[in-house]
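Coordinates as given in final_8.cif (mmCIF, C-alpha atoms):
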```
data_my_file
#
loop_
_atom_site.group_PDB
_atom_site.id
_atom_site.type_symbol
_atom_site.label_atom_id
_atom_site.label_comp_id
_atom_site.auth_asym_id
_atom_site.auth_seq_id
_atom_site.Cartn_x
_atom_site.Cartn_y
_atom_site.Cartn_z
ATOM 1 C CA MET A 1 25.223 -17.497 9.871
ATOM 2 C CA VAL A 2 22.856 -16.786 12.779
ATOM 3 C CA MET A 3 19.752 -14.859 11.756
ATOM 4 C CA LYS A 4 18.530 -12.241 14.190
ATOM 5 C CA LYS A 5 14.881 -12.661 15.162
ATOM 6 C CA LEU A 6 12.813 -9.618 16.074
ATOM 7 C CA ASN A 7 9.979 -10.119 18.532
ATOM 8 C CA SER A 8 6.524 -8.546 18.444
ATOM 9 C CA GLY A 9 6.643 -4.758 18.079
ATOM 10 C CA ASP A 10 10.402 -4.604 17.476
ATOM 11 C CA PHE A 11 11.981 -2.962 14.428
ATOM 12 C CA PHE A 12 15.446 -1.612 13.688
ATOM 13 C CA GLY A 13 15.218 2.110 14.427
ATOM 14 C CA VAL A 14 13.431 4.520 16.728
ATOM 15 C CA THR A 15 9.729 3.760 17.250
ATOM 16 C CA ASP A 16 7.827 6.786 18.519
ATOM 17 C CA GLN A 17 4.285 5.459 18.189
ATOM 18 C CA LYS A 18 2.958 2.040 19.105
ATOM 19 C CA LEU A 19 -0.636 0.855 19.382
ATOM 20 C CA GLU A 20 -1.567 -2.703 20.314
ATOM 21 C CA GLY A 21 -4.845 -4.573 20.590
ATOM 22 C CA ASN A 22 -7.304 -6.890 18.860
ATOM 23 C CA GLY A 23 -4.471 -9.107 17.609
ATOM 24 C CA LEU A 24 -2.671 -6.232 15.871
ATOM 25 C CA ILE A 25 0.392 -4.127 16.625
ATOM 26 C CA PHE A 26 0.816 -0.783 14.888
ATOM 27 C CA THR A 27 4.254 0.869 14.992
ATOM 28 C CA ASN A 28 5.663 4.009 13.388
ATOM 29 C CA THR A 29 9.460 3.840 13.149
ATOM 30 C CA THR A 30 12.311 6.024 11.906
ATOM 31 C CA TYR A 31 15.024 3.831 10.392
ATOM 32 C CA ILE A 32 18.502 4.843 11.568
ATOM 33 C CA HIS A 33 20.754 2.019 10.312
ATOM 34 C CA GLU A 34 22.232 2.293 6.828
ATOM 35 C CA TYR A 35 22.446 -1.492 6.616
ATOM 36 C CA VAL A 36 20.491 -4.166 8.482
ATOM 37 C CA ASP A 37 21.804 -7.695 8.005
ATOM 38 C CA TRP A 38 19.664 -10.760 7.358
ATOM 39 C CA HIS A 39 16.903 -11.089 9.944
ATOM 40 C CA HIS A 40 13.310 -12.202 10.349
ATOM 41 C CA HIS A 41 10.282 -11.197 12.429
ATOM 42 C CA GLU A 42 8.150 -13.224 14.777
ATOM 43 C CA ASN A 43 4.883 -12.137 13.164
ATOM 44 C CA ALA A 44 3.543 -11.559 9.670
ATOM 45 C CA TYR A 45 3.383 -7.826 8.970
ATOM 46 C CA PHE A 46 2.975 -5.021 6.456
ATOM 47 C CA THR A 47 5.496 -2.229 5.908
ATOM 48 C CA PHE A 48 4.235 1.047 4.405
ATOM 49 C CA LEU A 49 7.086 3.451 3.594
ATOM 50 C CA LEU A 50 6.243 6.984 4.722
ATOM 51 C CA ALA A 51 9.505 8.815 3.971
ATOM 52 C CA GLY A 52 12.814 8.229 2.223
ATOM 53 C CA LYS A 53 13.753 5.122 0.291
ATOM 54 C CA MET A 54 15.507 1.818 0.854
ATOM 55 C CA ILE A 55 16.407 -1.474 -0.765
ATOM 56 C CA GLU A 56 14.964 -4.674 0.651
ATOM 57 C CA GLY A 57 16.510 -7.988 -0.253
ATOM 58 C CA ASP A 58 15.252 -11.516 0.282
ATOM 59 C CA LYS A 59 15.737 -14.935 -1.256
ATOM 60 C CA LYS A 60 14.013 -13.750 -4.455
ATOM 61 C CA GLY A 61 16.299 -10.729 -4.960
ATOM 62 C CA GLU A 62 16.233 -7.006 -4.224
ATOM 63 C CA LYS A 63 13.464 -4.434 -4.623
ATOM 64 C CA GLN A 64 13.672 -0.644 -4.492
ATOM 65 C CA CYS A 65 11.170 0.820 -2.025
ATOM 66 C CA ASN A 66 10.112 4.465 -2.260
ATOM 67 C CA VAL A 67 7.564 6.627 -0.459
ATOM 68 C CA GLY A 68 4.215 4.865 -0.741
ATOM 69 C CA SER A 69 5.696 1.381 -1.241
ATOM 70 C CA LEU A 70 3.701 -1.345 0.495
ATOM 71 C CA ILE A 71 5.234 -4.739 1.326
ATOM 72 C CA PHE A 72 3.743 -7.816 2.967
ATOM 73 C CA HIS A 73 6.174 -9.976 4.973
ATOM 74 C CA ASN A 74 5.323 -13.458 6.114
ATOM 75 C CA GLU A 75 6.335 -14.551 9.588
ATOM 76 C CA GLU A 76 9.903 -15.844 9.829
ATOM 77 C CA GLU A 77 10.639 -14.607 6.276
ATOM 78 C CA MET A 78 14.341 -13.701 6.051
ATOM 79 C CA HIS A 79 15.377 -10.370 4.520
ATOM 80 C CA TYR A 80 17.881 -7.503 4.791
ATOM 81 C CA ASN A 81 17.646 -3.719 4.282
ATOM 82 C CA ILE A 82 19.860 -1.003 2.824
ATOM 83 C CA LYS A 83 18.724 2.528 3.711
ATOM 84 C CA SER A 84 19.454 5.663 1.712
ATOM 85 C CA SER A 85 21.066 8.665 3.401
ATOM 86 C CA ASP A 86 17.659 10.395 3.410
ATOM 87 C CA TYR A 87 15.357 10.534 6.424
ATOM 88 C CA THR A 88 13.526 7.207 6.172
ATOM 89 C CA ARG A 89 10.404 6.163 8.037
ATOM 90 C CA GLY A 90 7.970 3.275 7.920
ATOM 91 C CA MET A 91 4.596 2.269 9.301
ATOM 92 C CA HIS A 92 4.084 -1.369 10.294
ATOM 93 C CA ILE A 93 1.019 -3.475 10.970
ATOM 94 C CA GLU A 94 1.814 -6.805 12.640
ATOM 95 C CA LEU A 95 -0.655 -9.691 12.647
ATOM 96 C CA LEU A 96 -0.355 -11.745 15.822
ATOM 97 C CA PRO A 97 -1.336 -15.436 16.070
ATOM 98 C CA SER A 98 -4.469 -14.336 17.951
ATOM 99 C CA TRP A 99 -5.470 -12.321 14.876
ATOM 100 C CA PHE A 100 -5.509 -15.437 12.714
ATOM 101 C CA GLN A 101 -7.463 -17.307 15.373
ATOM 102 C CA MET A 102 -10.125 -14.598 15.359
ATOM 103 C CA ASN A 103 -10.195 -13.895 11.638
ATOM 104 C CA GLY A 104 -9.675 -17.266 10.025
ATOM 105 C CA GLU A 105 -6.713 -19.486 9.327
ATOM 106 C CA GLY A 106 -7.372 -19.099 5.601
ATOM 107 C CA LEU A 107 -5.415 -15.859 5.531
ATOM 108 C CA LYS A 108 -2.291 -17.844 6.336
ATOM 109 C CA ASN A 109 -2.513 -19.298 2.828
ATOM 110 C CA ILE A 110 -1.000 -16.058 1.541
ATOM 111 C CA GLU A 111 2.514 -17.196 0.690
ATOM 112 C CA GLY A 112 5.880 -15.453 0.554
ATOM 113 C CA SER A 113 6.841 -11.831 1.032
ATOM 114 C CA PHE A 114 6.081 -9.437 -1.784
ATOM 115 C CA GLU A 115 5.462 -5.846 -2.797
ATOM 116 C CA ILE A 116 1.835 -4.820 -3.256
ATOM 117 C CA SER A 117 0.941 -2.517 -6.133
ATOM 118 C CA ASP A 118 -2.851 -2.729 -5.773
ATOM 119 C CA VAL A 119 -4.157 0.852 -5.739
ATOM 120 C CA ASN A 120 -7.145 0.046 -3.510
ATOM 121 C CA LEU A 121 -4.912 -1.558 -0.880
ATOM 122 C CA LYS A 122 -2.504 1.382 -0.873
ATOM 123 C CA ILE A 123 -5.360 3.831 -0.332
ATOM 124 C CA ILE A 124 -6.514 1.715 2.631
ATOM 125 C CA PHE A 125 -3.061 2.046 4.221
ATOM 126 C CA HIS A 126 -3.186 5.814 3.796
ATOM 127 C CA LYS A 127 -6.496 5.648 5.671
ATOM 128 C CA ILE A 128 -4.843 3.599 8.424
ATOM 129 C CA LEU A 129 -2.156 6.266 8.752
ATOM 130 C CA LYS A 130 -4.867 8.933 8.947
ATOM 131 C CA GLU A 131 -6.654 6.918 11.678
ATOM 132 C CA THR A 132 -3.511 6.916 13.852
ATOM 133 C CA LYS A 133 -3.074 10.683 13.785
ATOM 134 C CA ASN A 134 -5.950 11.448 16.167
ATOM 135 C CA VAL A 135 -5.793 8.612 18.694
ATOM 136 C CA ASP A 136 -8.832 7.965 20.884
ATOM 137 C CA ASP A 137 -10.665 4.979 22.340
ATOM 138 C CA LEU A 138 -11.914 3.995 18.852
ATOM 139 C CA THR A 139 -8.607 4.169 16.970
ATOM 140 C CA LEU A 140 -7.798 0.465 17.311
ATOM 141 C CA LEU A 141 -11.295 -0.439 16.155
ATOM 142 C CA GLY A 142 -10.817 1.793 13.118
ATOM 143 C CA ILE A 143 -7.441 0.217 12.318
ATOM 144 C CA GLU A 144 -8.860 -3.284 12.749
ATOM 145 C CA ASN A 145 -11.733 -2.516 10.376
ATOM 146 C CA LEU A 146 -9.351 -1.210 7.708
ATOM 147 C CA VAL A 147 -6.926 -4.130 8.112
ATOM 148 C CA VAL A 148 -9.792 -6.613 7.695
ATOM 149 C CA ASN A 149 -10.766 -4.832 4.472
ATOM 150 C CA ALA A 150 -7.156 -4.822 3.231
ATOM 151 C CA LEU A 151 -6.553 -8.495 3.982
ATOM 152 C CA GLY A 152 -9.892 -9.442 2.488
ATOM 153 C CA GLN A 153 -8.888 -7.775 -0.776
ATOM 154 C CA LEU A 154 -5.414 -9.285 -0.672
ATOM 155 C CA PHE A 155 -6.751 -12.763 0.028
ATOM 156 C CA SER A 156 -9.320 -12.401 -2.764
ATOM 157 C CA ALA A 157 -6.581 -11.335 -5.158
ATOM 158 C CA GLN A 158 -4.509 -14.372 -4.180
ATOM 159 C CA LYS A 159 -7.476 -16.645 -4.862
ATOM 160 C CA ILE A 160 -8.083 -14.986 -8.234
ATOM 161 C CA ASP A 161 -4.427 -15.546 -9.116
ATOM 162 C CA SER A 162 -4.908 -19.271 -8.481
ATOM 163 C CA VAL A 163 -7.589 -19.583 -11.178
ATOM 164 C CA TYR A 164 -7.643 -18.586 -14.809
ATOM 165 C CA VAL A 165 -7.546 -14.843 -15.405
ATOM 166 C CA PRO A 166 -7.323 -13.456 -18.957
ATOM 167 C CA ASP A 167 -3.902 -12.131 -19.911
ATOM 168 C CA TRP A 168 -5.358 -8.711 -20.642
ATOM 169 C CA VAL A 169 -6.216 -8.122 -16.949
ATOM 170 C CA LYS A 170 -2.576 -7.724 -15.886
ATOM 171 C CA LEU A 171 -1.744 -5.847 -19.086
ATOM 172 C CA VAL A 172 -4.511 -3.286 -18.638
ATOM 173 C CA ASP A 173 -3.467 -2.706 -15.022
ATOM 174 C CA GLU A 174 0.105 -1.950 -16.123
ATOM 175 C CA LEU A 175 -1.135 0.156 -19.032
ATOM 176 C CA LEU A 176 -3.340 2.348 -16.829
ATOM 177 C CA LYS A 177 -0.649 2.810 -14.154
ATOM 178 C CA ASP A 178 1.910 3.787 -16.795
ATOM 179 C CA ASN A 179 -0.404 6.232 -18.568
ATOM 180 C CA TYR A 180 -2.650 7.667 -15.859
ATOM 181 C CA LEU A 181 -1.533 11.223 -16.687
ATOM 182 C CA ASN A 182 -2.663 10.912 -20.321
ATOM 183 C CA PRO A 183 -4.978 7.906 -20.459
ATOM 184 C CA TYR A 184 -5.987 6.234 -23.693
ATOM 185 C CA SER A 185 -9.602 6.068 -24.844
ATOM 186 C CA LEU A 186 -11.623 2.897 -24.325
ATOM 187 C CA THR A 187 -11.189 1.959 -27.999
ATOM 188 C CA GLU A 188 -7.443 2.613 -27.904
ATOM 189 C CA ILE A 189 -7.027 0.472 -24.778
ATOM 190 C CA ALA A 190 -9.078 -2.340 -26.320
ATOM 191 C CA ASN A 191 -7.008 -2.197 -29.529
ATOM 192 C CA ILE A 192 -3.748 -2.374 -27.563
ATOM 193 C CA LEU A 193 -5.063 -5.371 -25.601
ATOM 194 C CA GLY A 194 -6.527 -7.039 -28.670
ATOM 195 C CA ILE A 195 -10.046 -7.361 -27.282
ATOM 196 C CA HIS A 196 -13.413 -5.790 -28.152
ATOM 197 C CA PRO A 197 -14.246 -2.465 -26.393
ATOM 198 C CA VAL A 198 -17.623 -3.820 -25.251
ATOM 199 C CA HIS A 199 -15.960 -6.871 -23.662
ATOM 200 C CA LEU A 200 -13.392 -4.651 -21.950
ATOM 201 C CA SER A 201 -16.053 -2.295 -20.623
ATOM 202 C CA ARG A 202 -18.262 -5.096 -19.311
ATOM 203 C CA SER A 203 -15.469 -7.210 -17.822
ATOM 204 C CA PHE A 204 -13.271 -4.510 -16.259
ATOM 205 C CA THR A 205 -15.481 -4.055 -13.190
ATOM 206 C CA LYS A 206 -15.448 -7.817 -12.534
ATOM 207 C CA TYR A 207 -11.682 -7.784 -12.001
ATOM 208 C CA PHE A 208 -11.102 -4.267 -10.648
ATOM 209 C CA GLY A 209 -14.273 -3.515 -8.702
ATOM 210 C CA CYS A 210 -14.947 -0.196 -10.456
ATOM 211 C CA THR A 211 -15.119 1.434 -13.863
ATOM 212 C CA LEU A 212 -12.069 2.286 -15.965
ATOM 213 C CA ALA A 213 -12.486 5.982 -15.232
ATOM 214 C CA ASN A 214 -12.748 5.489 -11.484
ATOM 215 C CA TYR A 215 -9.732 3.192 -11.476
ATOM 216 C CA ILE A 216 -7.641 5.910 -13.115
ATOM 217 C CA ARG A 217 -8.962 8.423 -10.558
ATOM 218 C CA LYS A 218 -7.910 6.041 -7.769
ATOM 219 C CA ILE A 219 -4.414 5.762 -9.267
ATOM 220 C CA ARG A 220 -4.164 9.561 -9.283
ATOM 221 C CA VAL A 221 -5.391 9.813 -5.695
ATOM 222 C CA GLU A 222 -2.879 7.188 -4.521
ATOM 223 C CA ARG A 223 -0.044 9.020 -6.329
ATOM 224 C CA ALA A 224 -1.143 12.324 -4.767
ATOM 225 C CA LEU A 225 -1.326 10.777 -1.279
ATOM 226 C CA SER A 226 2.228 9.500 -1.668
ATOM 227 C CA GLU A 227 3.398 12.892 -2.902
ATOM 228 C CA LEU A 228 1.828 14.544 0.151
ATOM 229 C CA LEU A 229 3.846 12.132 2.289
ATOM 230 C CA GLY A 230 7.121 12.767 0.526
ATOM 231 C CA SER A 231 7.105 16.439 -0.496
ATOM 232 C CA LYS A 232 6.108 19.949 0.540
ATOM 233 C CA ASN A 233 4.778 20.867 -2.891
ATOM 234 C CA THR A 234 1.672 23.035 -3.153
ATOM 235 C CA PHE A 235 -1.723 21.424 -3.702
ATOM 236 C CA SER A 236 -2.010 23.001 -7.146
ATOM 237 C CA TYR A 237 1.391 21.586 -8.119
ATOM 238 C CA ILE A 238 0.451 18.095 -6.866
ATOM 239 C CA ALA A 239 -2.909 18.253 -8.641
ATOM 240 C CA HIS A 240 -1.184 19.049 -11.940
ATOM 241 C CA ASP A 241 1.624 16.557 -11.333
ATOM 242 C CA CYS A 242 -0.822 13.709 -10.653
ATOM 243 C CA GLY A 243 -3.123 14.346 -13.608
ATOM 244 C CA PHE A 244 -6.092 16.151 -12.039
ATOM 245 C CA ALA A 245 -7.830 18.889 -14.014
ATOM 246 C CA ASP A 246 -7.226 21.328 -11.152
ATOM 247 C CA GLN A 247 -7.034 21.525 -7.361
ATOM 248 C CA SER A 248 -10.822 21.393 -6.967
ATOM 249 C CA HIS A 249 -10.981 18.199 -9.000
ATOM 250 C CA MET A 250 -8.286 16.636 -6.794
ATOM 251 C CA ILE A 251 -10.226 17.594 -3.657
ATOM 252 C CA ARG A 252 -13.416 15.978 -4.976
ATOM 253 C CA CYS A 253 -11.582 12.753 -5.808
ATOM 254 C CA PHE A 254 -9.876 12.710 -2.404
ATOM 255 C CA LYS A 255 -13.245 12.997 -0.664
ATOM 256 C CA GLU A 256 -14.672 10.159 -2.740
ATOM 257 C CA PHE A 257 -11.810 7.658 -2.533
ATOM 258 C CA ALA A 258 -9.721 8.619 0.513
ATOM 259 C CA ASN A 259 -12.442 10.052 2.798
ATOM 260 C CA THR A 260 -10.357 13.161 3.415
ATOM 261 C CA THR A 261 -9.071 16.284 1.647
ATOM 262 C CA PRO A 262 -5.449 17.070 0.737
ATOM 263 C CA ALA A 263 -5.400 19.851 3.355
ATOM 264 C CA GLN A 264 -6.786 17.604 6.097
ATOM 265 C CA PHE A 265 -4.335 14.834 5.235
ATOM 266 C CA ARG A 266 -1.324 17.145 5.212
ATOM 267 C CA LYS A 267 -2.406 18.718 8.530
ATOM 268 C CA LEU A 268 -2.637 15.259 10.104
ATOM 269 C CA LEU A 269 0.842 14.372 8.864
ATOM 270 C CA ARG A 270 2.253 17.320 10.809
ATOM 271 C CA ASN A 271 0.822 16.045 14.122
#
```
Show the structure stored in the file as structure tokens.
Amino acid sequence: MVMKKLNSGDFFGVTDQKLEGNGLIFTNTTYIHEYVDWHHHENAYFTFLLAGKMIEGDKKGEKQCNVGSLIFHNEEEMHYNIKSSDYTRGMHIELLPSWFQMNGEGLKNIEGSFEISDVNLKIIFHKILKETKNVDDLTLLGIENLVVNALGQLFSAQKIDSVYVPDWVKLVDELLKDNYLNPYSLTEIANILGIHPVHLSRSFTKYFGCTLANYIRKIRVERALSELLGSKNTFSYIAHDCGFADQSHMIRCFKEFANTTPAQFRKLLRN
């Protein structure tokens, strides 16, 4: 079977926004094909799903992608896509060979194609989307800055995965993401993990870069950002649905972690 290769900037669908420079290509594409057979892309790239849902399959199996899903694809990595009947749209950031020359070959050590669940990385991609909504002579610089931050975090995470990390680190991440609406107390979390509360409190920041409370706030902000992408629900509804005390609390958290407000973000999405 002959695998179709897509060149720089090409995706299956209708691309209505494309920005290129500094070793990066940004594209915003509406997917129109219900099924796309096995293919691969010339460059490594990220896909951030902005609307709809789809299934992506590769040599490791299939994964369901919904609004807010973030996937990293290595160059030449073979995969196929099955789109739902819904309106489906994705944002892509391609990393050209010149990018790796400028920013270090070490990033090429990131192996395989995989879905990214890291809350901090997802918030960065929402910021990239925000940056592309008011294009000026500094937009590419803004995107480049955010991509460097995202890849730095991803590369650091890959390096951490290659050394010993306590089992509780992955467990607490899953626990907080599953229970962000009604989080457990510090003592309850420590008891579930089988470690001392003091050890959990002191060590959490080492692995997550913030306190337990702020990590849960980030999870809520990321969920709310994705809901703003995929629904027309009111701000008060989204605030309640994502675990905020009220709309004002959601606005404060947005300003702190996403550098925007729900109203500003939704207005930009309509541009």
Residues within 9 Å of (-7.4, 2.2, 14.0), counting all atoms listed in the file, listed as a list in words: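 Those residues, ordered by chain and then number, are Leu19, Phe26, Ile128, Leu129, Lys130, Glu131, Thr132, Val135, Leu138, Thr139, Leu140, Leu141, Gly142, Ile143, Glu144, Asn145, Leu146 and Val147 of chain A.
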| Counting all atoms listed in the file, what is within 6 Å of region 83-96 of chain A, bar same-chain residues fewer than 5 positions away, as a list in words? | Gly23, Leu24, Ile25, Phe26, Thr27, Asn28, Thr29, Thr30, Tyr31, Glu34, Asn43, Ala44, Tyr45, Phe46, Thr47, Phe48, Leu49, Leu50, Ala51, Gly52, Lys53 and Met54 of chain A
- Distance in Å - CA of Asn182 (chain A) versus CA of Arg220 (chain A):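 We find that CA of Asn182 (chain A) and CA of Arg220 (chain A) lie 11.2 Å from each other.
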Taking the file as shown, what set of residues would the PyMOL selection byres ((chain A and resi 233-243) around 8) give back, as a VMD selection string?
chain A and resid 180 to 182 220 to 221 223 to 224 227 to 228 231 to 232 244 to 247 250 262
The residue from A:Thr15, A:Met78, A:Ala150, A:Phe114 with the smallest atom-to-atom distance to Lys63 (chain A), counting all atoms listed in the file, is A:Phe114
Margin query: My list of candidates is A:Ser98, A:Ser113, A:Ser203, A:Asn259. Which is closest to Val165 (chain A) when distances are computed with all atoms listed in the file?
Written below: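 Residue with the minimum atom-to-atom distance to Val165 (chain A): A:Ser203.
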Pairwise distance, CA of Leu225 (chain A) with CA of Lys177 (chain A), equals 15.2 Å
Q. What gap, in Å, lies between CA of Val67 (chain A) and CA of Gly21 (chain A)?
A.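 Pair CA of Val67 (chain A) / CA of Gly21 (chain A) returns 26.9 Å.
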- Task: Choose the residue, out of A:His199, A:Ala258, A:Leu268, A:Phe72, that has the smallest atom-to-atom separation from Phe155 (chain A); count all atoms listed in the file.
- Result: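 Of all the options, A:Phe72 lies closest to Phe155 (chain A).
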Out of A:Lys4, A:Gln153, A:Asp118, A:Gln17, which residue has the shortest atom-to-atom distance to Glu77 (chain A) when counting all atoms listed in the file?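 Looking at the shortest contact to Glu77 (chain A), the residue is A:Lys4.
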Hey, could you patch up region 44-53 of chain A with all heavy atoms and hand it over as a PDB file, in the coordinates of the input?
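To be explicit, this is the file written out as part_20.pdb:
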```pdb
ATOM      1  N   ALA A  44       3.799 -12.102  11.002  1.00  0.00           N
ATOM      2  CA  ALA A  44       3.543 -11.559   9.670  1.00  0.00           C
ATOM      3  C   ALA A  44       3.220 -10.071   9.817  1.00  0.00           C
ATOM      4  O   ALA A  44       2.602  -9.661  10.804  1.00  0.00           O
ATOM      5  CB  ALA A  44       2.375 -12.296   9.024  1.00  0.00           C
ATOM      6  N   TYR A  45       3.634  -9.261   8.841  1.00  0.00           N
ATOM      7  CA  TYR A  45       3.383  -7.826   8.970  1.00  0.00           C
ATOM      8  C   TYR A  45       3.462  -7.120   7.630  1.00  0.00           C
ATOM      9  O   TYR A  45       4.027  -7.633   6.659  1.00  0.00           O
ATOM     10  CB  TYR A  45       4.364  -7.187   9.959  1.00  0.00           C
ATOM     11  CG  TYR A  45       5.798  -7.088   9.468  1.00  0.00           C
ATOM     12  CD1 TYR A  45       6.314  -5.892   8.965  1.00  0.00           C
ATOM     13  CD2 TYR A  45       6.641  -8.188   9.500  1.00  0.00           C
ATOM     14  CE1 TYR A  45       7.623  -5.809   8.519  1.00  0.00           C
ATOM     15  CE2 TYR A  45       7.952  -8.106   9.060  1.00  0.00           C
ATOM     16  CZ  TYR A  45       8.444  -6.905   8.570  1.00  0.00           C
ATOM     17  OH  TYR A  45       9.736  -6.835   8.111  1.00  0.00           O
ATOM     18  N   PHE A  46       2.871  -5.924   7.595  1.00  0.00           N
ATOM     19  CA  PHE A  46       2.975  -5.021   6.456  1.00  0.00           C
ATOM     20  C   PHE A  46       3.943  -3.892   6.793  1.00  0.00           C
ATOM     21  O   PHE A  46       3.981  -3.408   7.923  1.00  0.00           O
ATOM     22  CB  PHE A  46       1.620  -4.388   6.130  1.00  0.00           C
ATOM     23  CG  PHE A  46       0.588  -5.337   5.592  1.00  0.00           C
ATOM     24  CD1 PHE A  46      -0.304  -5.975   6.447  1.00  0.00           C
ATOM     25  CD2 PHE A  46       0.486  -5.576   4.233  1.00  0.00           C
ATOM     26  CE1 PHE A  46      -1.262  -6.842   5.965  1.00  0.00           C
ATOM     27  CE2 PHE A  46      -0.478  -6.438   3.732  1.00  0.00           C
ATOM     28  CZ  PHE A  46      -1.353  -7.072   4.594  1.00  0.00           C
ATOM     29  N   THR A  47       4.716  -3.457   5.809  1.00  0.00           N
ATOM     30  CA  THR A  47       5.496  -2.229   5.908  1.00  0.00           C
ATOM     31  C   THR A  47       4.982  -1.254   4.864  1.00  0.00           C
ATOM     32  O   THR A  47       4.850  -1.604   3.682  1.00  0.00           O
ATOM     33  CB  THR A  47       6.997  -2.478   5.651  1.00  0.00           C
ATOM     34  OG1 THR A  47       7.529  -3.291   6.679  1.00  0.00           O
ATOM     35  CG2 THR A  47       7.758  -1.159   5.635  1.00  0.00           C
ATOM     36  N   PHE A  48       4.687  -0.018   5.297  1.00  0.00           N
ATOM     37  CA  PHE A  48       4.235   1.047   4.405  1.00  0.00           C
ATOM     38  C   PHE A  48       5.240   2.192   4.557  1.00  0.00           C
ATOM     39  O   PHE A  48       5.356   2.783   5.628  1.00  0.00           O
ATOM     40  CB  PHE A  48       2.824   1.491   4.805  1.00  0.00           C
ATOM     41  CG  PHE A  48       2.181   2.462   3.848  1.00  0.00           C
ATOM     42  CD1 PHE A  48       2.184   2.233   2.495  1.00  0.00           C
ATOM     43  CD2 PHE A  48       1.550   3.604   4.328  1.00  0.00           C
ATOM     44  CE1 PHE A  48       1.574   3.113   1.616  1.00  0.00           C
ATOM     45  CE2 PHE A  48       0.942   4.495   3.467  1.00  0.00           C
ATOM     46  CZ  PHE A  48       0.951   4.249   2.101  1.00  0.00           C
ATOM     47  N   LEU A  49       6.006   2.471   3.490  1.00  0.00           N
ATOM     48  CA  LEU A  49       7.086   3.451   3.594  1.00  0.00           C
ATOM     49  C   LEU A  49       6.529   4.874   3.536  1.00  0.00           C
ATOM     50  O   LEU A  49       5.885   5.261   2.561  1.00  0.00           O
ATOM     51  CB  LEU A  49       8.104   3.234   2.475  1.00  0.00           C
ATOM     52  CG  LEU A  49       9.498   3.824   2.721  1.00  0.00           C
ATOM     53  CD1 LEU A  49      10.135   3.187   3.947  1.00  0.00           C
ATOM     54  CD2 LEU A  49      10.389   3.625   1.501  1.00  0.00           C
ATOM     55  N   LEU A  50       6.803   5.642   4.582  1.00  0.00           N
ATOM     56  CA  LEU A  50       6.243   6.984   4.722  1.00  0.00           C
ATOM     57  C   LEU A  50       7.205   8.088   4.299  1.00  0.00           C
ATOM     58  O   LEU A  50       6.769   9.201   3.977  1.00  0.00           O
ATOM     59  CB  LEU A  50       5.829   7.232   6.182  1.00  0.00           C
ATOM     60  CG  LEU A  50       4.858   6.227   6.805  1.00  0.00           C
ATOM     61  CD1 LEU A  50       4.588   6.605   8.260  1.00  0.00           C
ATOM     62  CD2 LEU A  50       3.564   6.164   6.011  1.00  0.00           C
ATOM     63  N   ALA A  51       8.504   7.805   4.329  1.00  0.00           N
ATOM     64  CA  ALA A  51       9.505   8.815   3.971  1.00  0.00           C
ATOM     65  C   ALA A  51      10.781   8.120   3.554  1.00  0.00           C
ATOM     66  O   ALA A  51      11.099   7.032   4.032  1.00  0.00           O
ATOM     67  CB  ALA A  51       9.778   9.753   5.155  1.00  0.00           C
ATOM     68  N   GLY A  52      11.531   8.764   2.644  1.00  0.00           N
ATOM     69  CA  GLY A  52      12.814   8.229   2.223  1.00  0.00           C
ATOM     70  C   GLY A  52      12.689   7.073   1.254  1.00  0.00           C
ATOM     71  O   GLY A  52      11.655   6.878   0.607  1.00  0.00           O
ATOM     72  N   LYS A  53      13.747   6.289   1.165  1.00  0.00           N
ATOM     73  CA  LYS A  53      13.753   5.122   0.291  1.00  0.00           C
ATOM     74  C   LYS A  53      14.767   4.117   0.815  1.00  0.00           C
ATOM     75  O   LYS A  53      15.689   4.461   1.555  1.00  0.00           O
ATOM     76  CB  LYS A  53      14.078   5.507  -1.152  1.00  0.00           C
ATOM     77  CG  LYS A  53      15.350   6.304  -1.320  1.00  0.00           C
ATOM     78  CD  LYS A  53      15.472   6.822  -2.739  1.00  0.00           C
ATOM     79  CE  LYS A  53      16.694   7.724  -2.900  1.00  0.00           C
ATOM     80  NZ  LYS A  53      16.776   8.272  -4.269  1.00  0.00           N
TER      81      LYS A  53
END
```
